[in-house]
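Text of the file model_4.pdb, holding PDB, C-alpha atoms, pLDDT in the B column:
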MODEL        1
ATOM      1  CA  MET A   1       0.319  -7.393   3.902  1.00 84.00           C
ATOM      2  CA  TRP A   2       2.913  -8.738   6.305  1.00 85.00           C
ATOM      3  CA  HIS A   3       3.498  -5.312   7.855  1.00 88.00           C
ATOM      4  CA  PHE A   4      -0.249  -5.033   8.526  1.00 91.00           C
ATOM      5  CA  GLY A   5      -0.403  -8.488  10.117  1.00 88.00           C
ATOM      6  CA  ALA A   6      -3.066  -9.383   7.537  1.00 92.00           C
ATOM      7  CA  PRO A   7      -3.792 -13.018   6.655  1.00 90.00           C
ATOM      8  CA  VAL A   8      -3.427 -14.443   3.165  1.00 92.00           C
ATOM      9  CA  LEU A   9      -6.904 -14.419   1.611  1.00 90.00           C
ATOM     10  CA  SER A  10      -6.254 -16.530  -1.462  1.00 92.00           C
ATOM     11  CA  ASN A  11      -5.489 -19.790   0.361  1.00 89.00           C
ATOM     12  CA  TYR A  12      -8.854 -20.587   1.878  1.00 86.00           C
ATOM     13  CA  TYR A  13     -12.274 -19.145   2.623  1.00 90.00           C
ATOM     14  CA  PHE A  14     -12.637 -17.726   6.144  1.00 88.00           C
ATOM     15  CA  GLY A  15     -16.354 -18.503   6.356  1.00 91.00           C
ATOM     16  CA  ALA A  16     -17.325 -14.876   5.706  1.00 94.00           C
ATOM     17  CA  ASP A  17     -17.297 -12.840   2.506  1.00 96.00           C
ATOM     18  CA  ARG A  18     -14.376 -10.454   2.591  1.00 97.00           C
ATOM     19  CA  TYR A  19     -13.054  -7.671   0.373  1.00 98.00           C
ATOM     20  CA  ARG A  20      -9.659  -6.149   0.970  1.00 98.00           C
ATOM     21  CA  PHE A  21      -8.297  -2.973  -0.608  1.00 98.00           C
ATOM     22  CA  LEU A  22      -4.582  -2.203  -0.366  1.00 97.00           C
ATOM     23  CA  TRP A  23      -3.618   1.321  -1.403  1.00 96.00           C
ATOM     24  CA  LEU A  24       0.124   1.779  -1.890  1.00 93.00           C
ATOM     25  CA  ARG A  25       0.966   5.384  -2.696  1.00 91.00           C
ATOM     26  CA  SER A  26       4.458   6.417  -3.791  1.00 86.00           C
ATOM     27  CA  PHE A  27       4.764   9.160  -1.202  1.00 86.00           C
ATOM     28  CA  GLY A  28       1.911   8.495   1.212  1.00 89.00           C
ATOM     29  CA  ARG A  29       1.501   5.984   3.971  1.00 93.00           C
ATOM     30  CA  PRO A  30      -0.023   2.643   2.938  1.00 95.00           C
ATOM     31  CA  VAL A  31      -3.695   2.014   3.722  1.00 97.00           C
ATOM     32  CA  LEU A  32      -5.405  -1.364   4.110  1.00 98.00           C
ATOM     33  CA  LEU A  33      -9.206  -1.587   4.195  1.00 98.00           C
ATOM     34  CA  THR A  34     -10.929  -4.881   4.995  1.00 98.00           C
ATOM     35  CA  LEU A  35     -14.675  -5.166   4.436  1.00 98.00           C
ATOM     36  CA  THR A  36     -16.150  -8.283   6.063  1.00 97.00           C
ATOM     37  CA  GLN A  37     -19.720  -9.613   6.033  1.00 96.00           C
ATOM     38  CA  GLN A  38     -20.629 -11.804   9.013  1.00 91.00           C
ATOM     39  CA  ALA A  39     -23.889 -12.955  10.594  1.00 89.00           C
ATOM     40  CA  ALA A  40     -23.843  -9.974  12.977  1.00 91.00           C
ATOM     41  CA  GLY A  41     -23.395  -7.522  10.100  1.00 95.00           C
ATOM     42  CA  ALA A  42     -20.688  -5.981   7.975  1.00 98.00           C
ATOM     43  CA  THR A  43     -17.644  -4.074   9.212  1.00 98.00           C
ATOM     44  CA  LEU A  44     -14.909  -2.027   7.580  1.00 98.00           C
ATOM     45  CA  ARG A  45     -11.496  -2.155   9.234  1.00 98.00           C
ATOM     46  CA  THR A  46      -8.957   0.566   8.423  1.00 98.00           C
ATOM     47  CA  GLN A  47      -5.226   0.062   9.027  1.00 98.00           C
ATOM     48  CA  LEU A  48      -2.322   2.379   8.206  1.00 97.00           C
ATOM     49  CA  LEU A  49       1.456   2.124   8.209  1.00 96.00           C
ATOM     50  CA  ASP A  50       3.674   5.034   9.200  1.00 93.00           C
ATOM     51  CA  LYS A  51       5.621   5.045   5.916  1.00 91.00           C
ATOM     52  CA  PRO A  52       5.752   3.270   2.557  1.00 86.00           C
ATOM     53  CA  ALA A  53       6.623  -0.397   2.879  1.00 74.00           C
ATOM     54  CA  CYS A  54       8.690  -0.607  -0.251  1.00 69.00           C
ATOM     55  CA  GLY A  55      11.706   1.198  -1.499  1.00 68.00           C
ATOM     56  CA  PRO A  56      15.377   0.629  -1.955  1.00 69.00           C
ATOM     57  CA  ARG A  57      17.550  -0.052   1.049  1.00 75.00           C
ATOM     58  CA  LEU A  58      19.987   2.823   1.412  1.00 76.00           C
ATOM     59  CA  THR A  59      23.595   1.747   1.417  1.00 81.00           C
ATOM     60  CA  PRO A  60      26.237   4.460   1.326  1.00 80.00           C
ATOM     61  CA  ILE A  61      28.536   4.129  -1.668  1.00 85.00           C
ATOM     62  CA  GLN A  62      31.402   6.235  -2.836  1.00 87.00           C
ATOM     63  CA  PHE A  63      32.177   7.048  -6.426  1.00 88.00           C
ATOM     64  CA  ILE A  64      35.727   7.919  -7.379  1.00 90.00           C
ATOM     65  CA  PRO A  65      36.063   8.898 -11.029  1.00 90.00           C
ATOM     66  CA  PRO A  66      38.557   6.982 -13.151  1.00 92.00           C
ATOM     67  CA  GLY A  67      41.881   8.750 -13.462  1.00 93.00           C
ATOM     68  CA  THR A  68      41.650  10.413 -10.038  1.00 93.00           C
ATOM     69  CA  SER A  69      45.074  11.072  -8.560  1.00 94.00           C
ATOM     70  CA  ALA A  70      46.110   9.208  -5.413  1.00 94.00           C
ATOM     71  CA  GLU A  71      46.049  12.461  -3.418  1.00 95.00           C
ATOM     72  CA  GLU A  72      42.557  13.393  -4.649  1.00 94.00           C
ATOM     73  CA  LYS A  73      41.393   9.813  -4.005  1.00 92.00           C
ATOM     74  CA  ARG A  74      42.571  10.014  -0.359  1.00 93.00           C
ATOM     75  CA  LYS A  75      40.814  13.368   0.007  1.00 94.00           C
ATOM     76  CA  LEU A  76      37.531  11.993  -1.419  1.00 92.00           C
ATOM     77  CA  GLN A  77      37.724   8.924   0.829  1.00 92.00           C
ATOM     78  CA  GLN A  78      38.279  11.097   3.911  1.00 94.00           C
ATOM     79  CA  GLU A  79      35.315  13.332   2.993  1.00 92.00           C
ATOM     80  CA  PHE A  80      33.176  10.227   2.519  1.00 91.00           C
ATOM     81  CA  ARG A  81      34.182   8.796   5.922  1.00 90.00           C
ATOM     82  CA  THR A  82      33.497  12.168   7.580  1.00 92.00           C
ATOM     83  CA  ARG A  83      30.017  12.368   6.012  1.00 90.00           C
ATOM     84  CA  GLN A  84      29.228   8.799   7.045  1.00 90.00           C
ATOM     85  CA  ALA A  85      30.285   9.535  10.631  1.00 92.00           C
ATOM     86  CA  ASP A  86      27.926  12.527  10.860  1.00 92.00           C
ATOM     87  CA  PRO A  87      25.147  11.603  13.345  1.00 92.00           C
ATOM     88  CA  ALA A  88      22.493  13.341  11.214  1.00 93.00           C
ATOM     89  CA  VAL A  89      23.470  11.268   8.159  1.00 90.00           C
ATOM     90  CA  ARG A  90      23.517   8.071  10.223  1.00 89.00           C
ATOM     91  CA  ARG A  91      20.036   8.846  11.623  1.00 91.00           C
ATOM     92  CA  ALA A  92      18.657   9.610   8.150  1.00 88.00           C
ATOM     93  CA  VAL A  93      20.000   6.341   6.712  1.00 87.00           C
ATOM     94  CA  ALA A  94      18.717   4.358   9.708  1.00 88.00           C
ATOM     95  CA  GLU A  95      15.240   5.925   9.396  1.00 86.00           C
ATOM     96  CA  ALA A  96      15.109   5.263   5.653  1.00 85.00           C
ATOM     97  CA  ASN A  97      16.042   1.609   6.227  1.00 87.00           C
ATOM     98  CA  ARG A  98      13.672   1.087   9.171  1.00 89.00           C
ATOM     99  CA  PRO A  99      10.738  -1.165   8.333  1.00 89.00           C
ATOM    100  CA  PRO A 100       7.291   0.455   8.467  1.00 92.00           C
ATOM    101  CA  VAL A 101       5.252   0.233  11.643  1.00 92.00           C
ATOM    102  CA  GLN A 102       1.509  -0.230  11.878  1.00 93.00           C
ATOM    103  CA  LEU A 103      -0.220   2.833  13.364  1.00 94.00           C
ATOM    104  CA  VAL A 104      -2.387   0.904  15.805  1.00 92.00           C
ATOM    105  CA  ALA A 105      -3.713   4.103  17.419  1.00 94.00           C
ATOM    106  CA  LEU A 106      -5.268   5.086  14.061  1.00 94.00           C
ATOM    107  CA  GLU A 107      -6.838   1.677  13.380  1.00 95.00           C
ATOM    108  CA  THR A 108     -10.627   1.705  13.263  1.00 97.00           C
ATOM    109  CA  THR A 109     -13.431  -0.782  12.691  1.00 97.00           C
ATOM    110  CA  ARG A 110     -16.759   0.689  11.640  1.00 98.00           C
ATOM    111  CA  PRO A 111     -20.135  -0.895  10.950  1.00 98.00           C
ATOM    112  CA  VAL A 112     -21.302  -0.962   7.334  1.00 98.00           C
ATOM    113  CA  SER A 113     -25.029  -0.926   6.638  1.00 98.00           C
ATOM    114  CA  PRO A 114     -26.657  -3.529   4.382  1.00 97.00           C
ATOM    115  CA  ALA A 115     -27.374  -0.729   1.882  1.00 98.00           C
ATOM    116  CA  GLN A 116     -23.687   0.298   1.824  1.00 98.00           C
ATOM    117  CA  TRP A 117     -22.600  -3.344   1.383  1.00 98.00           C
ATOM    118  CA  GLN A 118     -25.069  -3.805  -1.486  1.00 97.00           C
ATOM    119  CA  HIS A 119     -23.999  -0.519  -3.081  1.00 98.00           C
ATOM    120  CA  PHE A 120     -20.337  -1.598  -2.995  1.00 98.00           C
ATOM    121  CA  GLU A 121     -21.152  -4.973  -4.532  1.00 97.00           C
ATOM    122  CA  GLN A 122     -23.205  -3.212  -7.233  1.00 98.00           C
ATOM    123  CA  MET A 123     -20.205  -0.974  -7.976  1.00 98.00           C
ATOM    124  CA  LEU A 124     -18.060  -4.104  -8.364  1.00 97.00           C
ATOM    125  CA  ARG A 125     -20.583  -5.612 -10.763  1.00 97.00           C
ATOM    126  CA  ASN A 126     -20.630  -2.350 -12.751  1.00 96.00           C
ATOM    127  CA  SER A 127     -16.832  -2.478 -12.954  1.00 97.00           C
ATOM    128  CA  THR A 128     -16.969  -6.109 -14.166  1.00 96.00           C
ATOM    129  CA  PHE A 129     -14.515  -6.783 -11.338  1.00 96.00           C
ATOM    130  CA  GLN A 130     -14.768 -10.580 -11.580  1.00 95.00           C
ATOM    131  CA  GLN A 131     -13.905 -10.445 -15.301  1.00 96.00           C
ATOM    132  CA  LEU A 132     -11.018  -7.970 -14.992  1.00 95.00           C
ATOM    133  CA  PRO A 133      -7.562  -9.481 -15.476  1.00 94.00           C
ATOM    134  CA  ALA A 134      -5.574  -9.626 -12.268  1.00 95.00           C
ATOM    135  CA  PHE A 135      -2.777  -7.471 -13.660  1.00 93.00           C
ATOM    136  CA  GLU A 136      -2.247  -4.948 -16.438  1.00 88.00           C
ATOM    137  CA  GLU A 137       1.267  -3.937 -17.362  1.00 85.00           C
ATOM    138  CA  SER A 138       2.187  -0.362 -16.478  1.00 79.00           C
ATOM    139  CA  LEU A 139       5.404   1.530 -17.085  1.00 75.00           C
ATOM    140  CA  ALA A 140       4.713   4.184 -14.448  1.00 72.00           C
ATOM    141  CA  LEU A 141       7.345   4.917 -11.824  1.00 73.00           C
ATOM    142  CA  ASP A 142       5.180   7.117  -9.645  1.00 81.00           C
ATOM    143  CA  GLY A 143       1.594   7.188  -8.466  1.00 87.00           C
ATOM    144  CA  ALA A 144      -0.274   4.543  -6.493  1.00 93.00           C
ATOM    145  CA  THR A 145      -0.908   0.831  -6.699  1.00 94.00           C
ATOM    146  CA  TRP A 146      -4.522  -0.192  -6.098  1.00 96.00           C
ATOM    147  CA  VAL A 147      -5.075  -3.843  -5.129  1.00 97.00           C
ATOM    148  CA  LEU A 148      -8.568  -5.166  -4.494  1.00 98.00           C
ATOM    149  CA  GLU A 149      -9.093  -8.744  -3.349  1.00 98.00           C
ATOM    150  CA  ALA A 150     -12.422 -10.516  -3.025  1.00 97.00           C
ATOM    151  CA  HIS A 151     -12.869 -13.827  -1.263  1.00 97.00           C
ATOM    152  CA  THR A 152     -16.471 -14.925  -1.174  1.00 95.00           C
ATOM    153  CA  ALA A 153     -18.120 -18.334  -0.974  1.00 93.00           C
ATOM    154  CA  ALA A 154     -17.958 -18.306  -4.808  1.00 93.00           C
ATOM    155  CA  GLY A 155     -14.150 -18.018  -4.856  1.00 95.00           C
ATOM    156  CA  TYR A 156     -11.191 -15.645  -4.843  1.00 97.00           C
ATOM    157  CA  HIS A 157     -10.272 -12.845  -7.250  1.00 97.00           C
ATOM    158  CA  LEU A 158      -7.627 -10.111  -7.187  1.00 98.00           C
ATOM    159  CA  VAL A 159      -7.193  -7.019  -9.357  1.00 98.00           C
ATOM    160  CA  LEU A 160      -4.058  -4.848  -9.252  1.00 96.00           C
ATOM    161  CA  ARG A 161      -3.906  -1.542 -11.099  1.00 96.00           C
ATOM    162  CA  HIS A 162      -1.327   1.218 -11.095  1.00 95.00           C
ATOM    163  CA  SER A 163      -2.970   4.641 -10.798  1.00 93.00           C
ATOM    164  CA  PRO A 164      -6.271   3.677 -12.460  1.00 94.00           C
ATOM    165  CA  ASP A 165      -8.120   6.418 -14.351  1.00 93.00           C
ATOM    166  CA  ARG A 166     -10.208   8.637 -12.077  1.00 94.00           C
ATOM    167  CA  ASP A 167     -13.383   7.670 -13.931  1.00 95.00           C
ATOM    168  CA  ALA A 168     -12.665   3.932 -14.051  1.00 96.00           C
ATOM    169  CA  PRO A 169     -15.440   1.949 -12.335  1.00 98.00           C
ATOM    170  CA  PHE A 170     -12.794  -0.175 -10.562  1.00 98.00           C
ATOM    171  CA  ARG A 171     -11.254   2.944  -9.013  1.00 97.00           C
ATOM    172  CA  ARG A 172     -14.669   4.344  -8.065  1.00 98.00           C
ATOM    173  CA  ALA A 173     -15.477   1.114  -6.192  1.00 98.00           C
ATOM    174  CA  CYS A 174     -12.178   1.325  -4.293  1.00 98.00           C
ATOM    175  CA  GLU A 175     -12.749   5.009  -3.544  1.00 98.00           C
ATOM    176  CA  TYR A 176     -16.196   4.169  -2.183  1.00 98.00           C
ATOM    177  CA  LEU A 177     -14.475   2.008   0.443  1.00 98.00           C
ATOM    178  CA  LEU A 178     -12.079   4.870   1.158  1.00 98.00           C
ATOM    179  CA  ASP A 179     -15.029   7.234   1.578  1.00 98.00           C
ATOM    180  CA  LEU A 180     -16.599   4.872   4.133  1.00 98.00           C
ATOM    181  CA  SER A 181     -13.338   4.486   6.055  1.00 98.00           C
ATOM    182  CA  SER A 182     -11.448   6.591   8.565  1.00 96.00           C
ATOM    183  CA  ALA A 183      -8.796   7.070   5.834  1.00 96.00           C
ATOM    184  CA  ARG A 184     -11.212   9.128   3.705  1.00 95.00           C
ATOM    185  CA  ASN A 185      -9.110  12.292   4.181  1.00 93.00           C
ATOM    186  CA  GLU A 186      -5.846  10.731   2.979  1.00 92.00           C
ATOM    187  CA  ALA A 187      -4.471  12.521  -0.102  1.00 88.00           C
ATOM    188  CA  ARG A 188      -5.595  10.941  -3.381  1.00 84.00           C
ATOM    189  CA  ASN A 189      -3.768  11.285  -6.662  1.00 73.00           C
TER     190      ASN A 189
ENDMDL
END
Could you show the structure in this file as C-alpha cells?
Amino acid sequence: MWHFGAPVLSNYYFGADRYRFLWLRSFGRPVLLTLTQQAAGATLRTQLLDKPACGPRLTPIQFIPPGTSAEEKRKLQQEFRTRQADPAVRRAVAEANRPPVQLVALETTRPVSPAQWQHFEQMLRNSTFQQLPAFEESLALDGATWVLEAHTAAGYHLVLRHSPDRDAPFRRACEYLLDLSSARNEARN
C-alpha cells in the first residue's frame, strides 16, 4: 500500500464507506482499486505500479566449491569480478532492486452507478465476505494474492486469499471491481 500512497483503512473510519481491492500477481504489475461511496456518489479509483512490489533483493554472490585449487579459485574470482563489472549486469541488478513506481499516467477515477454499487455489495453478501476468515493458509509459490478490505460505518474487515478458485464468490466479487475498472484488460490467472 505504501508504494501506492494509500492510507491505512483499518485504523479509523474516513466518513465514507470504502472497499479496497489489492491484486498482487506474481508476474504482473500490482493493481489497487478503491471503491468509495460519498454524498455526491460512488467512484472507483484504479492505480497501478510498474512492477511487482515484492521479491528478493538481488545481491551478487560467488560460489566456490570445496576442494577448489588455489589457481582455479583465482580464476573463478576473476570471472566473477569481470561479470560484476559488465554494465549490462550492473543495469539488470539495479533495475531488479529498484522499488516500484506508481504509474500516475494510468491512474483513473470513474463514477459507479447506484445499481453497480448495490450489485457489488450483493456479491459480497453472497460470498459471506463479513464471515470469511481474514487469512487461509496456502502453500502456493506462484499465482496472485487477492486482498479485499471493507471499511464501512459498521466496521472494518479484510480477506486475503492466494489464487482463489475461479468460481469462488469472493473472487467473483473482486473480479466485478476489475471489470468496472480501467484495469479490466490486465491478464488474469
Worksheet item: Could you pull the residues within 7 Å of segment 122-137 of chain A, counting all atoms listed in the file, minus those fewer than 3 positions along the same chain, as a PyMOL selection string?
Response: chain A and resi 118-119+157-161+169-170+173
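Between atom CA of Thr145 of chain A and atom CA of Gln102 of chain A there is a distance of 18.8 Å.
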Item to complete: Write out as a PyMOL selection string the residues lying within 12 Å of Leu24 of chain A, counting all atoms listed in the file and excluding same-chain residues fewer than 2 positions away.
Response: chain A and resi 1+21-22+26-33+48-49+51-55+142-148+160-163+186-189
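The coordinates place atom CA of Phe63 of chain A at 9.3 Å from atom CA of Gln77 of chain A.
Atom CA of Glu95 of chain A lies 27.2 Å from atom CA of Arg184 of chain A.
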Worksheet item: If we count all atoms listed in the file, what is near segment 81-87 of chain A at a cut-off of 12 Å, once residues fewer than 4 positions away on the same chain are taken out, given as a VMD selection string?
Response: chain A and resid 59 to 62 74 to 77 91 to 94
Could the residues in this selection be saved with C-alpha atoms as a short mmCIF file (atom, residue, chain, number, x, y, z; two decimals), keeping the file's coordinate frame?
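Written file, result_17.cif:
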data_model
loop_
_atom_site.label_atom_id
_atom_site.label_comp_id
_atom_site.auth_asym_id
_atom_site.auth_seq_id
_atom_site.Cartn_x
_atom_site.Cartn_y
_atom_site.Cartn_z
CA THR A 59 23.60 1.75 1.42
CA PRO A 60 26.24 4.46 1.33
CA ILE A 61 28.54 4.13 -1.67
CA GLN A 62 31.40 6.24 -2.84
CA ARG A 74 42.57 10.01 -0.36
CA LYS A 75 40.81 13.37 0.01
CA LEU A 76 37.53 11.99 -1.42
CA GLN A 77 37.72 8.92 0.83
CA ARG A 91 20.04 8.85 11.62
CA ALA A 92 18.66 9.61 8.15
CA VAL A 93 20.00 6.34 6.71
CA ALA A 94 18.72 4.36 9.71
#
Item to complete: List, as a PyMOL selection string, every residue that the PyMOL selection byres ((chain A and resi 19) around 6) selects in the file provided.
Response: chain A and resi 18+20+34-35+149-150
Worksheet item: Which neighbours of Ser182 of chain A fall inside 9 Å, counting all atoms listed in the file, when residues of the same chain fewer than 2 positions from it are skipped, and could you give them as a list of chain:residue names?
Response: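 Residues meeting the cut-off are A:Arg45, A:Thr46, A:Leu106, A:Glu107, A:Thr108, A:Thr109, A:Arg110, A:Leu178, A:Asp179, A:Leu180, A:Arg184, A:Asn185, A:Glu186.
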Discussion item. Running the PyMOL selection byres ((chain A and resi 9) around 9) on this model by hand, what would come out? Give it as a PyMOL selection string.
Written reply: chain A and resi 6-8+10-14+18+20+149-151+156
